[in-house]
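The next block is coords23.txt, given as compact mmCIF, C-alpha atoms.
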```txt
# COMPACT_ATOMS: atom_id res chain seq x y z
CA MET T 1 108.39 186.55 -36.56
CA SER T 2 108.65 184.25 -39.59
CA GLU T 3 111.81 186.05 -40.72
CA TYR T 4 113.25 185.60 -37.26
CA ILE T 5 112.55 181.86 -37.34
CA LEU T 6 114.19 181.39 -40.72
CA TYR T 7 117.21 183.37 -39.61
CA PHE T 8 117.55 181.22 -36.50
CA VAL T 9 117.26 178.01 -38.51
CA SER T 10 119.95 179.13 -40.92
CA PHE T 11 122.22 179.98 -38.07
CA ALA T 12 121.70 176.61 -36.41
CA PHE T 13 122.36 174.77 -39.68
CA LEU T 14 125.67 176.59 -40.19
CA HIS T 15 126.66 175.85 -36.64
CA LEU T 16 125.92 172.14 -37.22
CA ARG T 17 128.13 171.99 -40.25
CA MET T 18 131.00 173.49 -38.27
CA HIS T 19 130.76 171.42 -35.10
CA HIS T 20 128.67 168.34 -36.19
CA GLN T 21 126.26 168.67 -33.27
CA LEU T 22 122.86 170.10 -32.65
CA ILE T 23 123.02 173.26 -30.53
CA TYR T 24 119.96 175.05 -31.77
CA VAL T 25 116.46 175.26 -30.39
CA PHE T 26 113.61 175.56 -32.84
CA LEU T 27 110.91 177.85 -31.65
CA SER T 28 107.63 178.29 -33.39
CA LEU T 29 104.50 180.08 -32.39
CA SER T 30 102.49 177.96 -34.85
CA SER T 31 101.50 174.33 -34.21
CA PRO T 32 102.65 171.80 -36.86
CA VAL T 33 100.03 170.55 -39.31
CA VAL T 34 99.67 167.31 -41.26
CA SER T 35 99.95 168.04 -44.95
CA GLN T 36 99.47 165.98 -48.06
CA ASN T 37 102.53 167.70 -49.49
CA LEU T 38 104.79 165.76 -47.10
CA VAL T 39 104.39 161.97 -47.17
CA THR T 40 106.02 158.92 -45.56
CA ASP T 41 105.24 155.24 -44.96
CA ASN T 42 104.77 152.99 -41.95
CA VAL T 43 107.48 150.35 -41.54
CA SER T 44 107.39 146.81 -40.14
CA VAL T 45 110.78 145.32 -39.45
CA VAL T 46 112.04 142.15 -37.80
CA GLU T 47 114.12 142.65 -34.70
CA GLY T 48 117.82 142.83 -35.62
CA GLU T 49 117.18 143.81 -39.24
CA MET T 50 117.22 147.20 -41.00
CA ALA T 51 114.41 149.73 -41.33
CA ILE T 52 114.21 152.43 -43.99
CA ILE T 53 112.40 155.72 -43.23
CA SER T 54 111.63 157.98 -46.20
CA CYS T 55 110.37 161.56 -45.95
CA ARG T 56 109.16 162.81 -49.38
CA VAL T 57 108.05 166.27 -50.47
CA LYS T 58 105.80 166.60 -53.50
CA ASP T 59 106.36 170.33 -54.10
CA ASN T 60 109.33 171.80 -52.22
CA ASP T 61 109.93 175.53 -52.00
CA ASP T 62 113.47 175.16 -50.62
CA SER T 63 112.12 174.41 -47.15
CA VAL T 64 114.28 172.35 -44.81
CA ILE T 65 113.43 168.66 -44.13
CA GLN T 66 114.31 166.94 -40.87
CA LEU T 67 113.58 163.59 -39.24
CA LEU T 68 112.69 163.25 -35.53
CA ASN T 69 112.59 160.13 -33.33
CA PRO T 70 109.61 159.22 -31.10
CA ASN T 71 111.06 161.47 -28.37
CA ARG T 72 111.11 164.31 -30.94
CA GLN T 73 114.88 164.41 -31.00
CA THR T 74 116.38 165.36 -34.35
CA ILE T 75 117.92 162.41 -36.13
CA TYR T 76 118.74 164.20 -39.37
CA PHE T 77 118.58 167.89 -40.22
CA ARG T 78 118.88 167.99 -43.98
CA ASP T 79 121.96 165.76 -44.56
CA MET T 80 123.43 166.28 -41.07
CA ARG T 81 123.00 163.80 -38.20
CA PRO T 82 122.95 165.60 -34.83
CA LEU T 83 121.94 162.43 -32.92
CA LYS T 84 124.91 160.36 -31.77
CA ASP T 85 123.52 157.00 -32.87
CA ALA T 86 125.62 155.48 -35.62
CA ARG T 87 122.85 153.01 -36.47
CA PHE T 88 121.13 155.84 -38.34
CA GLN T 89 122.71 156.41 -41.75
CA LEU T 90 121.80 158.73 -44.59
CA VAL T 91 120.64 156.82 -47.67
CA ASN T 92 119.51 159.72 -49.85
CA PHE T 93 119.09 163.45 -49.53
CA SER T 94 117.62 165.81 -52.11
CA GLU T 95 115.19 168.69 -52.29
CA ASN T 96 112.30 166.20 -52.43
CA GLU T 97 113.46 163.36 -50.18
CA LEU T 98 115.25 162.55 -46.96
CA ARG T 99 115.82 158.79 -46.67
CA VAL T 100 117.47 157.30 -43.57
CA SER T 101 118.29 153.71 -42.60
CA LEU T 102 118.20 152.27 -39.08
CA SER T 103 120.23 149.08 -38.65
CA ASN T 104 120.02 146.40 -35.95
CA VAL T 105 116.53 147.44 -34.93
CA SER T 106 115.49 146.61 -31.36
CA LEU T 107 112.17 146.75 -29.56
CA SER T 108 113.14 150.08 -27.99
CA ASP T 109 113.21 151.64 -31.47
CA GLU T 110 109.49 151.06 -31.96
CA GLY T 111 107.29 154.13 -32.10
CA ARG T 112 106.21 157.11 -34.21
CA TYR T 113 108.90 158.94 -36.21
CA VAL T 114 108.23 162.42 -37.52
CA CYS T 115 109.08 163.85 -40.93
CA GLN T 116 109.03 167.65 -40.57
CA LEU T 117 109.12 170.33 -43.24
CA TYR T 118 110.05 173.86 -42.14
CA THR T 119 107.26 175.98 -43.45
CA ASP T 120 104.90 178.39 -41.76
CA PRO T 121 103.25 176.61 -40.09
CA PRO T 122 105.54 173.52 -40.08
CA GLN T 123 104.24 170.43 -41.87
CA GLU T 124 104.54 166.95 -40.44
CA ALA T 125 104.03 163.36 -41.57
CA TYR T 126 104.28 160.30 -39.32
CA ALA T 127 105.95 156.94 -39.90
CA ASP T 128 105.13 154.22 -37.35
CA ILE T 129 107.88 151.65 -36.94
CA THR T 130 106.59 148.28 -35.76
CA VAL T 131 109.20 145.82 -34.54
CA LEU T 132 108.38 142.17 -35.21
CA ILE T 133 109.79 139.56 -32.87
CA PRO T 134 109.58 135.98 -34.17
CA PRO T 135 108.60 133.19 -31.80
CA GLY T 136 111.04 130.60 -30.59
CA ASN T 137 111.11 127.15 -32.14
CA PRO T 138 107.68 125.55 -31.78
CA ILE T 139 107.46 122.82 -29.18
CA ILE T 140 105.14 119.90 -29.92
CA GLU T 141 104.18 117.44 -27.20
CA ALA T 142 102.00 114.31 -27.24
CA ARG T 143 100.09 112.85 -24.33
CA ASP T 144 100.62 109.29 -25.61
CA GLU T 145 103.74 107.97 -27.29
CA VAL T 146 102.11 104.70 -28.42
CA LEU T 147 98.42 104.53 -29.35
CA SER T 148 95.90 101.80 -30.04
CA GLU T 149 93.46 102.09 -32.93
CA GLY T 150 90.16 103.69 -31.93
CA ASN T 151 91.67 105.58 -28.98
CA GLU T 152 91.61 109.36 -28.55
CA THR T 153 94.82 111.30 -28.07
CA GLU T 154 95.87 114.88 -27.42
CA MET T 155 98.77 117.02 -28.66
CA THR T 156 99.91 120.55 -27.81
CA CYS T 157 102.07 122.99 -29.75
CA THR T 158 103.59 126.10 -28.17
CA ALA T 159 105.07 129.20 -29.84
CA MET T 160 106.76 131.38 -27.21
CA SER T 161 107.75 135.05 -26.90
CA SER T 162 106.60 136.60 -30.15
CA LYS T 163 105.25 139.95 -31.21
CA PRO T 164 102.57 140.04 -32.42
CA ALA T 165 100.93 136.77 -31.33
CA ALA T 166 101.52 133.84 -33.70
CA THR T 167 98.83 131.68 -35.29
CA ILE T 168 99.07 127.87 -35.07
CA ARG T 169 97.63 125.38 -37.58
CA TRP T 170 97.59 121.57 -37.46
CA MET T 171 98.03 119.06 -40.31
CA LYS T 172 97.68 115.28 -40.07
CA GLY T 173 99.09 113.96 -43.32
CA ASP T 174 97.42 116.11 -46.00
CA LYS T 175 94.35 116.91 -43.87
CA GLU T 176 94.04 120.05 -41.75
CA LEU T 177 92.65 119.59 -38.23
CA PRO T 178 91.18 122.29 -35.96
CA GLY T 179 93.01 123.13 -32.73
CA LYS T 180 92.02 125.20 -29.69
CA PRO T 181 94.42 128.15 -29.21
CA ARG T 182 95.22 130.02 -26.00
CA VAL T 183 97.13 133.34 -26.03
CA GLU T 184 99.08 134.68 -23.03
CA LEU T 185 100.69 138.13 -22.69
CA THR T 186 103.95 137.90 -20.75
CA TYR T 187 105.52 140.49 -18.46
CA ASP T 188 107.83 141.76 -21.22
CA LYS T 189 104.85 142.42 -23.54
CA MET T 190 105.49 139.29 -25.57
CA TYR T 191 102.91 136.71 -26.58
CA THR T 192 102.96 132.96 -25.97
CA VAL T 193 100.45 130.89 -27.94
CA THR T 194 99.51 127.29 -27.12
CA SER T 195 97.25 125.21 -29.37
CA ARG T 196 95.64 121.97 -28.21
CA LEU T 197 94.61 119.23 -30.66
CA THR T 198 92.35 116.26 -29.85
CA PHE T 199 91.56 113.47 -32.33
CA THR T 200 90.87 109.72 -32.65
CA VAL T 201 93.39 107.48 -34.39
CA SER T 202 92.91 104.54 -36.74
CA LYS T 203 95.32 101.92 -38.05
CA GLU T 204 95.79 104.03 -41.21
CA ASP T 205 97.35 106.75 -39.02
CA ASP T 206 100.35 104.60 -38.13
CA GLY T 207 103.50 106.39 -39.31
CA VAL T 208 101.57 109.52 -40.38
CA PRO T 209 103.17 112.86 -39.35
CA VAL T 210 101.22 115.39 -37.30
CA VAL T 211 102.60 118.85 -38.12
CA CYS T 212 102.31 122.03 -36.05
CA ILE T 213 102.63 125.07 -38.39
CA VAL T 214 103.36 128.49 -36.89
CA ASP T 215 102.29 131.52 -38.94
CA HIS T 216 103.94 134.82 -38.06
CA PRO T 217 104.86 137.88 -40.18
CA ALA T 218 108.49 137.59 -39.05
CA VAL T 219 109.04 133.95 -40.12
CA LYS T 220 108.07 131.52 -42.88
CA ASP T 221 107.71 127.72 -42.87
CA PHE T 222 108.11 127.54 -39.11
CA GLN T 223 106.93 124.11 -37.98
CA ALA T 224 107.46 121.04 -35.83
CA GLN T 225 106.16 117.51 -36.37
CA LYS T 226 105.68 114.22 -34.61
CA TYR T 227 105.02 110.82 -36.19
CA LEU T 228 102.15 108.72 -34.89
CA GLU T 229 102.73 105.18 -33.69
CA VAL T 230 99.44 103.28 -33.77
CA GLN T 231 99.03 99.65 -32.79
CA TYR T 232 96.17 97.66 -34.32
CA LYS T 233 94.80 94.12 -34.23
CA PRO T 234 95.79 91.69 -37.01
CA GLU T 235 94.32 91.72 -40.50
CA VAL T 236 93.71 88.07 -41.49
CA LYS T 237 93.21 86.60 -44.98
CA ILE T 238 93.09 82.94 -46.12
CA VAL T 239 94.73 82.22 -49.48
CA VAL T 240 93.98 78.97 -51.41
CA GLU T 241 97.29 77.63 -52.69
CA PHE T 242 95.77 74.45 -54.21
CA PRO T 243 93.54 73.60 -56.02
CA GLN T 244 92.76 76.61 -58.21
CA GLY T 245 89.29 75.40 -59.25
CA LEU T 246 86.71 73.05 -57.70
CA THR T 247 87.72 70.94 -54.72
CA ARG T 248 86.95 67.33 -55.79
CA GLU T 249 87.06 64.06 -53.95
CA GLY T 250 90.47 62.50 -53.87
CA GLU T 251 92.34 65.77 -54.40
CA ASN T 252 94.49 67.66 -51.89
CA LEU T 253 93.80 71.05 -50.27
CA GLU T 254 96.40 73.59 -49.18
CA LEU T 255 95.48 76.85 -47.41
CA THR T 256 97.77 79.64 -46.18
CA CYS T 257 96.76 82.14 -43.50
CA LYS T 258 98.27 85.61 -43.94
CA ALA T 259 98.14 87.85 -40.84
CA LYS T 260 99.48 91.38 -40.43
CA GLY T 261 99.20 93.59 -37.36
CA LYS T 262 101.08 95.88 -35.00
CA PRO T 263 102.63 94.34 -33.06
CA GLN T 264 102.99 91.48 -35.52
CA PRO T 265 101.02 88.41 -34.36
CA GLN T 266 103.39 85.70 -33.16
CA ARG T 267 100.92 82.80 -33.33
CA VAL T 268 98.35 81.71 -35.92
CA SER T 269 95.87 78.90 -35.24
CA TRP T 270 93.46 76.81 -37.35
CA VAL T 271 90.09 75.44 -36.21
CA LYS T 272 87.02 73.93 -37.84
CA VAL T 273 83.83 75.68 -36.85
CA ASP T 274 81.43 73.37 -34.95
CA ASP T 275 83.66 70.33 -35.50
CA ASP T 276 87.21 69.03 -35.21
CA VAL T 277 89.89 69.45 -37.84
CA PRO T 278 90.36 66.12 -39.71
CA SER T 279 92.83 63.92 -37.86
CA HIS T 280 95.19 63.54 -40.79
CA ALA T 281 95.23 67.29 -41.60
CA VAL T 282 98.71 68.79 -41.32
CA ILE T 283 99.10 72.28 -39.76
CA THR T 284 102.50 73.90 -40.19
CA GLY T 285 102.61 77.43 -38.84
CA ALA T 286 100.17 79.40 -40.97
CA ASP T 287 99.56 76.56 -43.48
CA LEU T 288 96.78 73.94 -43.45
CA TYR T 289 97.19 70.83 -45.65
CA ILE T 290 94.57 68.09 -46.15
CA GLU T 291 95.15 65.07 -48.41
CA ASN T 292 92.62 62.86 -50.22
CA LEU T 293 89.54 65.02 -49.73
CA ASN T 294 86.10 63.50 -49.21
CA LYS T 295 82.70 64.98 -48.44
CA SER T 296 83.01 64.33 -44.72
CA TYR T 297 85.54 67.18 -44.63
CA ASN T 298 82.95 69.75 -45.72
CA GLY T 299 82.61 72.70 -43.36
CA THR T 300 84.04 76.08 -42.35
CA TYR T 301 87.75 76.29 -41.56
CA ARG T 302 88.83 79.34 -39.57
CA CYS T 303 92.25 80.96 -39.23
CA MET T 304 92.72 83.09 -36.09
CA ALA T 305 95.52 85.52 -35.20
CA SER T 306 95.95 87.75 -32.16
CA ASN T 307 98.28 90.34 -30.64
CA ALA T 308 98.23 92.72 -27.68
CA VAL T 309 95.50 94.86 -29.27
CA GLY T 310 92.99 92.16 -30.18
CA GLU T 311 92.08 89.07 -32.21
CA SER T 312 90.86 88.64 -35.81
CA PHE T 313 89.94 85.72 -38.06
CA ASP T 314 89.04 84.72 -41.60
CA ASP T 315 86.88 81.79 -42.78
CA TYR T 316 87.14 79.36 -45.70
CA ILE T 317 84.08 77.24 -46.59
CA LEU T 318 85.09 73.84 -47.97
CA TYR T 319 82.67 71.94 -50.22
CA VAL T 320 83.98 68.73 -51.76
CA TYR T 321 82.46 67.87 -55.17
CA ASP T 322 82.28 64.52 -56.91
CA SER T 323 85.49 63.45 -58.59
CA ARG T 324 83.94 64.02 -62.05
CA ALA T 325 82.18 67.27 -61.10
CA GLY T 326 82.31 69.84 -63.85
CA GLU T 327 83.11 67.41 -66.68
CA GLY T 328 79.47 67.22 -67.97
CA ALA T 329 78.94 70.88 -67.86
CA PRO T 330 79.57 71.53 -71.59
CA ARG T 331 77.00 68.80 -72.68
CA THR T 332 74.43 70.23 -70.32
CA VAL T 333 74.87 73.59 -71.93
CA ASP T 334 74.44 72.09 -75.46
CA HIS T 335 71.14 70.36 -74.56
CA ALA T 336 69.79 73.56 -73.16
CA VAL T 337 70.65 75.44 -76.33
CA ILE T 338 69.05 72.78 -78.55
CA GLY T 339 65.88 72.73 -76.44
CA GLY T 340 65.57 76.46 -76.74
CA VAL T 341 65.94 76.40 -80.52
CA VAL T 342 63.26 73.66 -80.89
CA ALA T 343 60.83 75.61 -78.74
CA VAL T 344 61.27 78.72 -80.88
CA VAL T 345 60.69 76.72 -84.13
CA VAL T 346 57.49 75.07 -82.82
CA PHE T 347 56.14 78.39 -81.66
CA ALA T 348 56.81 79.94 -85.06
CA MET T 349 55.03 77.09 -86.88
CA LEU T 350 51.94 77.41 -84.69
CA CYS T 351 51.78 81.12 -85.38
CA LEU T 352 52.02 80.45 -89.14
CA LEU T 353 49.16 77.88 -89.09
CA ILE T 354 46.89 80.29 -87.24
CA VAL T 355 47.56 83.08 -89.75
CA LEU T 356 46.94 80.81 -92.79
CA GLY T 357 43.72 79.45 -91.32
CA ARG T 358 42.29 82.93 -90.82
CA TYR T 359 43.33 83.93 -94.36
CA PHE T 360 41.59 81.02 -96.13
CA ALA T 361 38.50 81.39 -94.00
CA ARG T 362 37.98 84.98 -95.10
CA HIS T 363 38.27 84.10 -98.88
CA LYS T 364 35.82 81.13 -98.94
CA GLY T 365 33.20 81.13 -101.94
CA THR T 366 29.46 81.72 -101.52
CA TYR T 367 26.50 79.67 -102.84
CA PHE T 368 22.81 80.44 -103.28
CA THR T 369 19.53 78.49 -102.59
CA HIS T 370 16.32 79.50 -104.36
CA GLU T 371 13.23 78.73 -102.53
CA ALA T 372 9.76 79.85 -103.50
CA LYS T 373 8.79 82.70 -101.37
CA GLY T 374 5.52 81.90 -99.84
CA ALA T 375 5.81 78.11 -100.42
CA ASP T 376 4.26 77.68 -97.07
CA ASP T 377 1.11 79.29 -98.51
CA ALA T 378 0.82 76.86 -101.55
CA ALA T 379 -2.28 74.65 -101.68
CA ASP T 380 -0.26 71.49 -102.39
CA ALA T 381 3.26 70.27 -103.11
CA ASP T 382 2.89 70.41 -106.85
CA THR T 383 2.01 74.04 -106.73
CA ALA T 384 5.06 74.74 -104.53
CA ILE T 385 7.38 72.93 -106.95
CA ILE T 386 5.96 74.73 -109.96
CA ASN T 387 6.45 78.03 -108.21
CA ALA T 388 10.03 77.14 -107.31
CA GLU T 389 10.98 75.88 -110.79
CA GLY T 390 9.40 78.75 -112.56
CA GLY T 391 11.31 81.12 -110.36
CA HIS T 392 9.88 84.47 -109.46
CA THR T 393 11.69 87.52 -110.58
CA ASN T 394 10.88 89.18 -107.38
CA SER T 395 12.13 86.37 -105.20
CA ASP T 396 14.95 87.20 -102.76
CA GLU T 397 18.27 85.38 -102.77
CA LYS T 398 19.25 83.68 -99.63
CA LYS T 399 22.94 83.44 -99.00
CA GLU T 400 24.70 81.17 -96.65
CA TYR T 401 28.36 81.56 -95.62
CA TYR T 402 30.66 78.91 -94.33
CA ILE T 403 33.37 80.05 -92.08
```

Could you write out this structure as structure tokens?
Amino acid sequence: MSEYILYFVSFAFLHLRMHHQLIYVFLSLSSPVVSQNLVTDNVSVVEGEMAIISCRVKDNDDSVIQLLNPNRQTIYFRDMRPLKDARFQLVNFSENELRVSLSNVSLSDEGRYVCQLYTDPPQEAYADITVLIPPGNPIIEARDEVLSEGNETEMTCTAMSSKPAATIRWMKGDKELPGKPRVELTYDKMYTVTSRLTFTVSKEDDGVPVVCIVDHPAVKDFQAQKYLEVQYKPEVKIVVEFPQGLTREGENLELTCKAKGKPQPQRVSWVKVDDDVPSHAVITGADLYIENLNKSYNGTYRCMASNAVGESFDDYILYVYDSRAGEGAPRTVDHAVIGGVVAVVVFAMLCLLIVLGRYFARHKGTYFTHEAKGADDAADADTAIINAEGGHTNSDEKKEYYI
């Protein structure tokens, strides 16, 4: 039976070479087996591009190699193409390899292709072609076009009609934010993915791009972005234009109120907390000017600015010093230094006197008194004197110490 099969195959091959069409029927009583001698690779290809299918034989004994489509129709028999599909082209044919290209791949080409080696029993290896279909351009939508600081907003990004399903990531500036994806399978076996992003905005987010990034094996750097427009209440700061140091009686004071917000505040106002602004103070736009200061002007001066989002203010505390304030400061410092030095010297002298006193006290001389021992027992004074003057060799010395 094996000889009959080989004869039939040879006949069919010769007939193909003569008429360029497949008119043979391969019959085999043995089922094909998967062998490690025949190898191929799975292929992923983007729709419209080219796929390469390679059937390789490690050790060939002159057996015939052919390539079949998912419907088990012969695409190539050795170096002959029986199938009338010009998209299949021979890339390489040898005893150890049959390599075929498929151009302009479509979704209908997806499936399992068979590399077959005519042995007894026949050997097969399988190459799965997966067709990748990239999604359409991502669509990003925002619930709010203009936001106010502190408010929550929501954005959605949609990647339509892809295979397999795409993955969507969100970036706000250089920070990645988590979204909530939803995947839908359409009637044509495509996937539509929608990701929803919710976050709270601050004034620092104004002008920052929010980017929707679509990850898919068929495309790279696929993204859409939308810039945030955030309105925020004014930022207010009082700047002292004059004087640069202490505010003294008789001098002038000039303050400027700087306010920035979105929208930009159109009006800036000055007030004095818990009192009225001096009658001769001059307010010109954002500037406050007071001449000939005196201590009655002391207090807190407030600059206020507002816009559609809110109101903010900044305070300046005015304290008017005497006209000669600060001039005696250097002499005050000198007296303090001198007082400190004198205190240290006095303390050192006291310590020295105490040390010398203790030293001399410890080296003071001694003196002796000789009294007759037992003078109290003498019969009369003369006897006591004689005993004292004569001295007794066995009399004890009495020492007295002065400290």

Which residues, written as a ChimeraX atom specification, have at least one atom at most 7 Å from T:Gly179, with only C-alpha atoms counted and residues fewer than 6 positions away on the same chain left out? /T:170,195-197

Taking 3 positions as the minimum chain separation for residues in the same chain, which residues sit within 7 Å of stretch 161-167 of chain T when counting only C-alpha atoms? Answer as a list in words.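 Close residues of stretch 161-167 of chain T: Leu132, Ile133, Pro134, Pro135, Gly136, Met190, Tyr191, Thr192, Val193, Val214, Asp215 and His216 of chain T.
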
Take the selection from the previous step and output its residues with C-alpha atoms, as a CSV table (one decimal), in the coordinates of the input.
```
chain,number,residue,atom,x,y,z
T,132,LEU,CA,108.4,142.2,-35.2
T,133,ILE,CA,109.8,139.6,-32.9
T,134,PRO,CA,109.6,136.0,-34.2
T,135,PRO,CA,108.6,133.2,-31.8
T,136,GLY,CA,111.0,130.6,-30.6
T,190,MET,CA,105.5,139.3,-25.6
T,191,TYR,CA,102.9,136.7,-26.6
T,192,THR,CA,103.0,133.0,-26.0
T,193,VAL,CA,100.4,130.9,-27.9
T,214,VAL,CA,103.4,128.5,-36.9
T,215,ASP,CA,102.3,131.5,-38.9
T,216,HIS,CA,103.9,134.8,-38.1
```

Near T:Val208, counting all atoms listed in the file, which residues have an atom at most 7 Å away, once you skip same-chain residues fewer than 2 positions from it, shown as JSON, numbers by chain? {"T": [172, 173, 205, 206, 210, 227, 228]}

Considering all atoms listed in the file, return as JSON, numbers by chain whatever protein or nucleic-acid residues lie within 9 Å of T:Ile317, sequence-local ones (same chain, fewer than 5 positions apart) excluded. {"T": [298, 299, 300, 301, 302]}

Taking C-alpha atoms for each residue, export the selection above as a PDB file, in the coordinates of the input.
```pdb
ATOM      1  CA  ASN T 298      82.950  69.750 -45.720  1.00  0.00           C
ATOM      2  CA  GLY T 299      82.610  72.700 -43.360  1.00  0.00           C
ATOM      3  CA  THR T 300      84.040  76.080 -42.350  1.00  0.00           C
ATOM      4  CA  TYR T 301      87.750  76.290 -41.560  1.00  0.00           C
ATOM      5  CA  ARG T 302      88.830  79.340 -39.570  1.00  0.00           C
TER       6      ARG T 302
END
```

Which one is closest to T:Glu49: T:Leu102, T:Gly150, T:Lys237, T:Leu253? Count only C-alpha atoms.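 With only C-alpha atoms as the atom set, the closest residue is T:Leu102.
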
Interatomic distance, atom CA of T:Ala259 to atom CA of T:Ala305 (Å, one decimal): 6.6 Å

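Residue nearest T:Lys203, chosen from T:Lys295, T:Val239, T:Val309, T:Leu246 and counting all atoms listed in the file: T:Val309.
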
Name the closest residue to T:Val105 among the candidates T:Leu350, T:Val46, T:Cys157, T:Ala281; distances are taken between atoms, counting only C-alpha atoms.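 Among the listed residues, T:Val46 lies closest to T:Val105.
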
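Each of T:Ile338, T:Ile213, T:Leu293, T:Val320 was compared to T:Gly250 using all atoms listed in the file, and T:Leu293 turns out to be the nearest.
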
To one decimal place in Å, what is the distance between atom CA of T:Asn69 and atom CA of T:Glu95?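 Distance between the two atoms: 21.0 Å.
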
Check the smallest atom-to-atom distance from each of T:Asn92, T:Val183, T:Ser296, T:Lys262 to T:Pro278 using all atoms listed in the file, then report the winner.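 Checking each of T:Asn92, T:Val183, T:Ser296, T:Lys262 against T:Pro278, counting all atoms listed in the file, the winner is T:Ser296.
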
Selection: 9 Å around T:Lys233, all atoms listed in the file, excl. self and same-chain fewer than 5 positions, as a list in words: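 The neighbour list is Ser148, Glu149, Lys203, Lys260, Gly261, Lys262, Pro263, Gln264, Pro265, Ala305, Ser306, Asn307, Ala308, Val309, Gly310, Glu311 and Ser312 of chain T.
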
So how many Å separate atom CA of T:Asn151 and atom CA of T:Gln225, to one decimal?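 Atom CA of T:Gln225 lies 20.2 Å from atom CA of T:Asn151.
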
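Among the candidates T:Pro217, T:Asp274, T:Glu204, T:Tyr289, the residue lying nearest to T:Val240 is T:Tyr289 (atoms considered: only C-alpha atoms).
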